[in-house]
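Next comes protein33.cif, with mmCIF, C-alpha atoms and all ligand atoms; chains and numbers go by the auth columns.
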data_work
#
loop_
_atom_site.group_PDB
_atom_site.id
_atom_site.type_symbol
_atom_site.label_atom_id
_atom_site.label_comp_id
_atom_site.label_asym_id
_atom_site.label_seq_id
_atom_site.Cartn_x
_atom_site.Cartn_y
_atom_site.Cartn_z
_atom_site.B_iso_or_equiv
_atom_site.auth_seq_id
_atom_site.auth_asym_id
ATOM 1 C CA THR A 1 -15.443 16.019 42.280 0.00 4 A
ATOM 2 C CA ARG A 2 -15.185 19.712 41.592 0.00 5 A
ATOM 3 C CA VAL A 3 -11.791 21.103 40.536 0.00 6 A
ATOM 4 C CA LEU A 4 -10.883 24.777 40.403 0.00 7 A
ATOM 5 C CA VAL A 5 -8.531 25.727 37.560 0.00 8 A
ATOM 6 C CA LEU A 6 -7.309 29.191 38.481 0.00 9 A
ATOM 7 C CA ASN A 7 -5.309 31.423 36.165 0.00 10 A
ATOM 8 C CA GLY A 8 -3.537 34.613 37.154 0.00 11 A
ATOM 9 C CA PRO A 9 -2.760 37.919 35.475 0.00 12 A
ATOM 10 C CA ASN A 10 -2.580 38.349 31.703 0.00 13 A
ATOM 11 C CA LEU A 11 -3.713 34.787 31.011 0.00 14 A
ATOM 12 C CA GLY A 12 -6.999 36.276 29.769 0.00 15 A
ATOM 13 C CA ARG A 13 -4.865 37.431 26.838 0.00 16 A
ATOM 14 C CA LEU A 14 -3.877 33.913 25.802 0.00 17 A
ATOM 15 C CA GLY A 15 -3.998 33.509 22.045 0.00 18 A
ATOM 16 C CA SER A 16 -2.682 36.992 21.276 0.00 19 A
ATOM 17 C CA ARG A 17 -0.100 37.334 24.056 0.00 20 A
ATOM 18 C CA GLU A 18 3.357 36.100 22.995 0.00 21 A
ATOM 19 C CA PRO A 19 1.981 33.217 20.908 0.00 22 A
ATOM 20 C CA ASP A 20 5.545 31.964 20.374 0.00 23 A
ATOM 21 C CA VAL A 21 5.674 31.290 24.125 0.00 24 A
ATOM 22 C CA TYR A 22 2.051 30.518 25.052 0.00 25 A
ATOM 23 C CA GLY A 23 0.590 29.250 21.770 0.00 26 A
ATOM 24 C CA HIS A 24 -2.264 30.501 19.618 0.00 27 A
ATOM 25 C CA GLN A 25 -5.140 29.142 21.669 0.00 28 A
ATOM 26 C CA ASP A 26 -7.107 31.392 23.989 0.00 29 A
ATOM 27 C CA LEU A 27 -8.545 30.893 27.461 0.00 30 A
ATOM 28 C CA ASP A 28 -11.895 29.741 26.052 0.00 31 A
ATOM 29 C CA ALA A 29 -10.064 27.026 24.114 0.00 32 A
ATOM 30 C CA LEU A 30 -8.401 25.943 27.379 0.00 33 A
ATOM 31 C CA ARG A 31 -11.789 25.911 29.121 0.00 34 A
ATOM 32 C CA GLN A 32 -13.283 23.790 26.335 0.00 35 A
ATOM 33 C CA LEU A 33 -10.314 21.438 26.275 0.00 36 A
ATOM 34 C CA LEU A 34 -10.560 20.826 30.028 0.00 37 A
ATOM 35 C CA GLU A 35 -14.348 20.570 30.132 0.00 38 A
ATOM 36 C CA THR A 36 -14.533 18.114 27.239 0.00 39 A
ATOM 37 C CA ASN A 37 -11.648 16.021 28.557 0.00 40 A
ATOM 38 C CA ALA A 38 -12.581 16.116 32.228 0.00 41 A
ATOM 39 C CA PRO A 39 -12.131 12.704 33.844 0.00 42 A
ATOM 40 C CA ASP A 40 -15.354 10.857 34.703 0.00 43 A
ATOM 41 C CA GLY A 41 -17.089 12.394 37.672 0.00 44 A
ATOM 42 C CA PHE A 42 -15.039 15.586 37.484 0.00 45 A
ATOM 43 C CA ASP A 43 -16.540 19.029 37.173 0.00 46 A
ATOM 44 C CA VAL A 44 -13.932 21.566 36.046 0.00 47 A
ATOM 45 C CA ASP A 45 -14.354 25.253 36.827 0.00 48 A
ATOM 46 C CA VAL A 46 -11.849 27.337 34.793 0.00 49 A
ATOM 47 C CA ARG A 47 -11.361 30.924 35.962 0.00 50 A
ATOM 48 C CA GLN A 48 -8.987 33.805 35.275 0.00 51 A
ATOM 49 C CA THR A 49 -8.322 37.071 37.050 0.00 52 A
ATOM 50 C CA ASP A 50 -5.781 39.872 36.952 0.00 53 A
ATOM 51 C CA ASP A 51 -6.661 40.687 40.555 0.00 54 A
ATOM 52 C CA GLU A 52 -4.531 39.231 43.344 0.00 55 A
ATOM 53 C CA SER A 53 -7.262 39.786 45.896 0.00 56 A
ATOM 54 C CA GLU A 54 -9.822 37.866 43.824 0.00 57 A
ATOM 55 C CA LEU A 55 -7.406 34.979 43.334 0.00 58 A
ATOM 56 C CA ILE A 56 -6.711 34.838 47.082 0.00 59 A
ATOM 57 C CA GLY A 57 -10.471 34.832 47.738 0.00 60 A
ATOM 58 C CA TRP A 58 -10.908 31.845 45.402 0.00 61 A
ATOM 59 C CA LEU A 59 -8.198 29.967 47.314 0.00 62 A
ATOM 60 C CA HIS A 60 -9.909 30.713 50.640 0.00 63 A
ATOM 61 C CA ALA A 61 -13.145 29.302 49.198 0.00 64 A
ATOM 62 C CA ALA A 62 -11.224 26.216 48.001 0.00 65 A
ATOM 63 C CA VAL A 63 -9.972 25.629 51.559 0.00 66 A
ATOM 64 C CA ASP A 64 -13.471 25.930 53.023 0.00 67 A
ATOM 65 C CA ALA A 65 -15.032 23.608 50.415 0.00 68 A
ATOM 66 C CA ARG A 66 -11.956 21.318 50.244 0.00 69 A
ATOM 67 C CA THR A 67 -11.840 21.779 46.466 0.00 70 A
ATOM 68 C CA PRO A 68 -8.635 20.615 44.722 0.00 71 A
ATOM 69 C CA VAL A 69 -6.913 23.399 42.804 0.00 72 A
ATOM 70 C CA ILE A 70 -4.899 23.588 39.608 0.00 73 A
ATOM 71 C CA LEU A 71 -3.200 26.982 39.744 0.00 74 A
ATOM 72 C CA ASN A 72 -1.318 28.913 37.097 0.00 75 A
ATOM 73 C CA PRO A 73 -0.260 31.908 39.195 0.00 76 A
ATOM 74 C CA ALA A 74 1.299 33.618 36.120 0.00 77 A
ATOM 75 C CA ALA A 75 3.536 36.542 37.136 0.00 78 A
ATOM 76 C CA PHE A 76 2.334 36.291 40.786 0.00 79 A
ATOM 77 C CA THR A 77 4.395 33.080 40.857 0.00 80 A
ATOM 78 C CA HIS A 78 7.570 35.042 41.142 0.00 81 A
ATOM 79 C CA TYR A 79 6.807 37.500 43.928 0.00 82 A
ATOM 80 C CA SER A 80 3.423 37.210 45.631 0.00 83 A
ATOM 81 C CA TYR A 81 3.851 36.067 49.226 0.00 84 A
ATOM 82 C CA GLY A 82 0.170 36.863 49.751 0.00 85 A
ATOM 83 C CA LEU A 83 -0.752 34.311 47.113 0.00 86 A
ATOM 84 C CA ARG A 84 1.751 31.845 48.530 0.00 87 A
ATOM 85 C CA ASP A 85 0.238 32.127 52.002 0.00 88 A
ATOM 86 C CA ALA A 86 -3.254 31.595 50.577 0.00 89 A
ATOM 87 C CA ALA A 87 -2.069 28.593 48.539 0.00 90 A
ATOM 88 C CA ALA A 88 -0.404 27.203 51.688 0.00 91 A
ATOM 89 C CA LEU A 89 -3.789 27.260 53.436 0.00 92 A
ATOM 90 C CA VAL A 90 -5.022 24.838 50.760 0.00 93 A
ATOM 91 C CA THR A 91 -2.180 22.327 50.973 0.00 94 A
ATOM 92 C CA LYS A 92 -1.869 22.559 54.777 0.00 95 A
ATOM 93 C CA ALA A 93 -5.541 21.569 54.880 0.00 96 A
ATOM 94 C CA GLY A 94 -4.538 18.419 52.985 0.00 97 A
ATOM 95 C CA VAL A 95 -6.186 19.572 49.761 0.00 98 A
ATOM 96 C CA PRO A 96 -4.045 19.189 46.614 0.00 99 A
ATOM 97 C CA LEU A 97 -2.861 22.301 44.805 0.00 100 A
ATOM 98 C CA ILE A 98 -0.952 21.724 41.573 0.00 101 A
ATOM 99 C CA GLU A 99 1.115 24.592 40.145 0.00 102 A
ATOM 100 C CA VAL A 100 1.002 24.673 36.357 0.00 103 A
ATOM 101 C CA HIS A 101 2.910 26.804 33.853 0.00 104 A
ATOM 102 C CA ILE A 102 2.287 26.742 30.131 0.00 105 A
ATOM 103 C CA SER A 103 5.882 27.678 29.351 0.00 106 A
ATOM 104 C CA ASN A 104 8.999 26.408 31.109 0.00 107 A
ATOM 105 C CA PRO A 105 9.940 29.397 33.291 0.00 108 A
ATOM 106 C CA HIS A 106 13.378 27.871 33.943 0.00 109 A
ATOM 107 C CA ALA A 107 14.242 28.247 30.269 0.00 110 A
ATOM 108 C CA ARG A 108 13.325 31.948 30.325 0.00 111 A
ATOM 109 C CA GLU A 109 14.443 35.156 32.091 0.00 112 A
ATOM 110 C CA THR A 110 16.164 34.797 35.455 0.00 113 A
ATOM 111 C CA PHE A 111 13.308 36.453 37.362 0.00 114 A
ATOM 112 C CA ARG A 112 11.071 33.568 36.247 0.00 115 A
ATOM 113 C CA HIS A 113 13.379 30.959 37.771 0.00 116 A
ATOM 114 C CA THR A 114 12.040 31.682 41.258 0.00 117 A
ATOM 115 C CA SER A 115 8.606 30.493 42.312 0.00 118 A
ATOM 116 C CA VAL A 116 7.356 31.487 45.750 0.00 119 A
ATOM 117 C CA ILE A 117 4.486 29.014 45.207 0.00 120 A
ATOM 118 C CA SER A 118 6.404 25.789 44.456 0.00 121 A
ATOM 119 C CA GLY A 119 7.601 25.325 48.052 0.00 122 A
ATOM 120 C CA ILE A 120 4.033 24.881 49.300 0.00 123 A
ATOM 121 C CA ALA A 121 2.476 23.320 46.161 0.00 124 A
ATOM 122 C CA THR A 122 1.639 19.627 46.051 0.00 125 A
ATOM 123 C CA GLY A 123 3.524 19.429 42.757 0.00 126 A
ATOM 124 C CA VAL A 124 4.582 21.470 39.755 0.00 127 A
ATOM 125 C CA ILE A 125 4.078 20.953 36.010 0.00 128 A
ATOM 126 C CA ALA A 126 5.762 23.312 33.548 0.00 129 A
ATOM 127 C CA GLY A 127 6.644 23.527 29.886 0.00 130 A
ATOM 128 C CA PHE A 128 3.981 21.301 28.328 0.00 131 A
ATOM 129 C CA GLY A 129 1.617 23.989 27.064 0.00 132 A
ATOM 130 C CA PHE A 130 -2.088 23.414 27.755 0.00 133 A
ATOM 131 C CA ASP A 131 -1.278 19.739 28.213 0.00 134 A
ATOM 132 C CA GLY A 132 0.088 20.609 31.669 0.00 135 A
ATOM 133 C CA TYR A 133 -3.441 21.293 32.910 0.00 136 A
ATOM 134 C CA ARG A 134 -4.600 17.944 31.539 0.00 137 A
ATOM 135 C CA LEU A 135 -1.696 16.157 33.226 0.00 138 A
ATOM 136 C CA ALA A 136 -2.695 17.815 36.491 0.00 139 A
ATOM 137 C CA LEU A 137 -6.330 16.735 36.044 0.00 140 A
ATOM 138 C CA ASP A 138 -5.157 13.233 35.204 0.00 141 A
ATOM 139 C CA HIS A 139 -3.235 13.103 38.474 0.00 142 A
ATOM 140 C CA LEU A 140 -6.278 14.278 40.421 0.00 143 A
ATOM 141 C CA SER A 141 -8.360 11.567 38.781 0.00 144 A
ATOM 142 C CA ARG A 142 -5.777 8.939 39.822 0.00 145 A
ATOM 143 C CA ILE A 143 -5.990 10.031 43.453 0.00 146 A
ATOM 144 C CA SER A 144 -9.742 10.689 43.311 0.00 147 A
ATOM 145 C CA THR A 145 -10.540 8.186 46.066 0.00 148 A
ATOM 146 C CA THR A 146 -8.516 10.338 48.484 0.00 149 A
ATOM 147 C CA LEU A 147 -10.172 13.639 47.477 0.00 150 A
HETATM 148 C C1 LIG B . 3.419 31.490 33.171 0.00 1 B
HETATM 149 C C2 LIG B . 4.908 31.861 33.335 0.00 1 B
HETATM 150 C C3 LIG B . 5.069 33.158 34.095 0.00 1 B
HETATM 151 O O1 LIG B . 6.448 33.501 34.227 0.00 1 B
HETATM 152 C C4 LIG B . 4.378 34.295 33.369 0.00 1 B
HETATM 153 O O2 LIG B . 4.437 35.477 34.142 0.00 1 B
HETATM 154 C C5 LIG B . 2.976 33.975 32.975 0.00 1 B
HETATM 155 C C6 LIG B . 2.632 32.626 32.533 0.00 1 B
HETATM 156 C C7 LIG B . 3.219 30.258 32.271 0.00 1 B
HETATM 157 O O3 LIG B . 2.117 29.728 32.271 0.00 1 B
HETATM 158 O O4 LIG B . 4.142 29.833 31.563 0.00 1 B
HETATM 159 O O5 LIG B . 2.114 34.867 32.927 0.00 1 B
HETATM 160 O O6 LIG B . 2.883 31.193 34.442 0.00 1 B
#
Now, as a test, write the supplied structure out as structure tokens.
Amino acid sequence: TRVLVLNGPNLGRLGSREPDVYGHQDLDALRQLLETNAPDGFDVDVRQTDDESELIGWLHAAVDARTPVILNPAAFTHYSYGLRDAAALVTKAGVPLIEVHISNPHARETFRHTSVISGIATGVIAGFGFDGYRLALDHLSRISTTL
């Protein structure tokens, strides 16, 4: 089973960006962590973009190929209806899309308390650092017979 792990804007700066919030590990470390710990039979494709259009294109491709998605929409979480509509195409097609946040946005600024993605996501994991992505993968492996 292929899984897309999609990361939104500024997550390419992991490691140096607000390490007190996001930790000291960079995106390559996340990629390695997920590739080396991928559940049996899972092929994990970790991507990052600052470009809303590119992210939406990846979601369209996920719909067409019925590829489960783990999505950290980063700041797009809080305002991008375009991304929400694209993410809704995935879940409405019956393909899981798990929203992941490294930090716990609810413990931060008020503007981070709103997610326009959560209402159409299959589920949400927040506040567990990089472990959140692994928890999401773990869930997908548990439901792998339905994927
Ligand atoms: C984030 C939380 C968002 O509020 C923020 O804009 C990010 C990262 C997280 O992973 O904790 O860029 O999605």
Report the closest atom pair, with its distance in Å rounded to one decimal, for each residue of chain A that has an atom no farther than 10 Å from ligand LIG 1 (chain B); count all atoms listed in the file, sort by chain and then rising residue number, and write it as CSV.
residue,atom,partner,partner_atom,distance
A:Asn10,CA,B:LIG1,O6,8.4
A:Gly11,CA,B:LIG1,O5,7.1
A:Pro12,CA,B:LIG1,O5,6.3
A:Asn13,CA,B:LIG1,O5,6.0
A:Leu14,CA,B:LIG1,O5,6.1
A:Gly15,CA,B:LIG1,O5,9.7
A:Arg16,CA,B:LIG1,O5,9.6
A:Leu17,CA,B:LIG1,O5,9.4
A:Arg20,CA,B:LIG1,O5,9.5
A:Val24,CA,B:LIG1,O4,7.7
A:Tyr25,CA,B:LIG1,O4,6.9
A:Leu74,CA,B:LIG1,O6,9.1
A:Asn75,CA,B:LIG1,O6,5.5
A:Pro76,CA,B:LIG1,O6,5.7
A:Ala77,CA,B:LIG1,O6,3.3
A:Ala78,CA,B:LIG1,O2,3.3
A:Phe79,CA,B:LIG1,O2,7.0
A:Thr80,CA,B:LIG1,C3,6.8
A:His81,CA,B:LIG1,O1,7.2
A:Glu102,CA,B:LIG1,O6,8.9
A:Val103,CA,B:LIG1,O3,6.6
A:His104,CA,B:LIG1,O3,3.4
A:Ile105,CA,B:LIG1,O3,3.7
A:Ser106,CA,B:LIG1,O4,3.5
A:Asn107,CA,B:LIG1,O4,6.0
A:Pro108,CA,B:LIG1,O1,5.5
A:His109,CA,B:LIG1,O1,8.9
A:Arg111,CA,B:LIG1,O1,8.1
A:Glu112,CA,B:LIG1,O1,8.4
A:Thr113,CA,B:LIG1,O1,9.9
A:Phe114,CA,B:LIG1,O1,8.1
A:Arg115,CA,B:LIG1,O1,5.0
A:His116,CA,B:LIG1,O1,8.2
A:Thr117,CA,B:LIG1,O1,9.2
A:Ser118,CA,B:LIG1,O1,8.9
A:Ile128,CA,B:LIG1,O3,9.7
A:Ala129,CA,B:LIG1,O4,7.0
A:Gly130,CA,B:LIG1,O4,7.0
A:Phe131,CA,B:LIG1,O4,9.1
A:Gly132,CA,B:LIG1,O3,7.8
A:Phe133,CA,B:LIG1,O3,8.8
A:Gly135,CA,B:LIG1,O3,9.4
Hits from the PyMOL selection byres (((chain A and resi 41) around 12) and not hetatm), listed as a list in words: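 Expected selection for the PyMOL selection byres (((chain A and resi 41) around 12) and not hetatm) here is Thr4, Arg5, Val6, Val8, Leu33, Arg34, Gln35, Leu36, Leu37, Glu38, Thr39, Asn40, Pro42, Asp43, Gly44, Phe45, Asp46, Val47, Asp48, Val49, Tyr136, Arg137, Leu138, Ala139, Leu140, Asp141, His142, Leu143 and Ser144 of chain A.
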Store the residues of this selection in a file with C-alpha atoms, as an mmCIF file, in the frame of the given file.
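Output below, filename out.cif:
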data_model
loop_
_atom_site.group_PDB
_atom_site.id
_atom_site.type_symbol
_atom_site.label_atom_id
_atom_site.label_comp_id
_atom_site.auth_asym_id
_atom_site.auth_seq_id
_atom_site.Cartn_x
_atom_site.Cartn_y
_atom_site.Cartn_z
ATOM 1 C CA THR A 4 -15.443 16.019 42.280
ATOM 2 C CA ARG A 5 -15.185 19.712 41.592
ATOM 3 C CA VAL A 6 -11.791 21.103 40.536
ATOM 4 C CA VAL A 8 -8.531 25.727 37.560
ATOM 5 C CA LEU A 33 -8.401 25.943 27.379
ATOM 6 C CA ARG A 34 -11.789 25.911 29.121
ATOM 7 C CA GLN A 35 -13.283 23.790 26.335
ATOM 8 C CA LEU A 36 -10.314 21.438 26.275
ATOM 9 C CA LEU A 37 -10.560 20.826 30.028
ATOM 10 C CA GLU A 38 -14.348 20.570 30.132
ATOM 11 C CA THR A 39 -14.533 18.114 27.239
ATOM 12 C CA ASN A 40 -11.648 16.021 28.557
ATOM 13 C CA PRO A 42 -12.131 12.704 33.844
ATOM 14 C CA ASP A 43 -15.354 10.857 34.703
ATOM 15 C CA GLY A 44 -17.089 12.394 37.672
ATOM 16 C CA PHE A 45 -15.039 15.586 37.484
ATOM 17 C CA ASP A 46 -16.540 19.029 37.173
ATOM 18 C CA VAL A 47 -13.932 21.566 36.046
ATOM 19 C CA ASP A 48 -14.354 25.253 36.827
ATOM 20 C CA VAL A 49 -11.849 27.337 34.793
ATOM 21 C CA TYR A 136 -3.441 21.293 32.910
ATOM 22 C CA ARG A 137 -4.600 17.944 31.539
ATOM 23 C CA LEU A 138 -1.696 16.157 33.226
ATOM 24 C CA ALA A 139 -2.695 17.815 36.491
ATOM 25 C CA LEU A 140 -6.330 16.735 36.044
ATOM 26 C CA ASP A 141 -5.157 13.233 35.204
ATOM 27 C CA HIS A 142 -3.235 13.103 38.474
ATOM 28 C CA LEU A 143 -6.278 14.278 40.421
ATOM 29 C CA SER A 144 -8.360 11.567 38.781
#
Can you translate the PyMOL selection byres (((chain A and resi 71) around 10) and not hetatm) into the concrete residues it hits in this file, as number ranges by chain? A: 4-8, 62, 65-66, 68-70, 72-74, 93-94, 97-101, 140, 143, 150
Determine the nearest neighbour of Ile59 of chain A from the options A:Asp88, A:Asp31, A:Asp23, A:Asp134, counting all atoms listed in the file. A:Asp88
Pick from A:Thr125, A:Ser56, A:Ala32, A:Leu9, whichever lies nearest to Lys95 of chain A using all atoms listed in the file: A:Thr125
Could you tell me how far atom CA of Thr52 of chain A sits from atom CA of Leu86 of chain A, in Å to one decimal place?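 So the answer is 12.9 Å.
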What does the distance from atom CA of Ile120 of chain A to atom CA of Ala96 of chain A come to in Å, to one decimal?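 Atom-to-atom, atom CA of Ile120 of chain A and atom CA of Ala96 of chain A are spaced 15.8 Å apart.
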Using all atoms listed in the file, which of the listed residues (A:Ala124, A:Val119, A:Leu30, A:Leu58) sits closest to Tyr82 of chain A?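 Distance minimum relative to Tyr82 of chain A lands on A:Val119.
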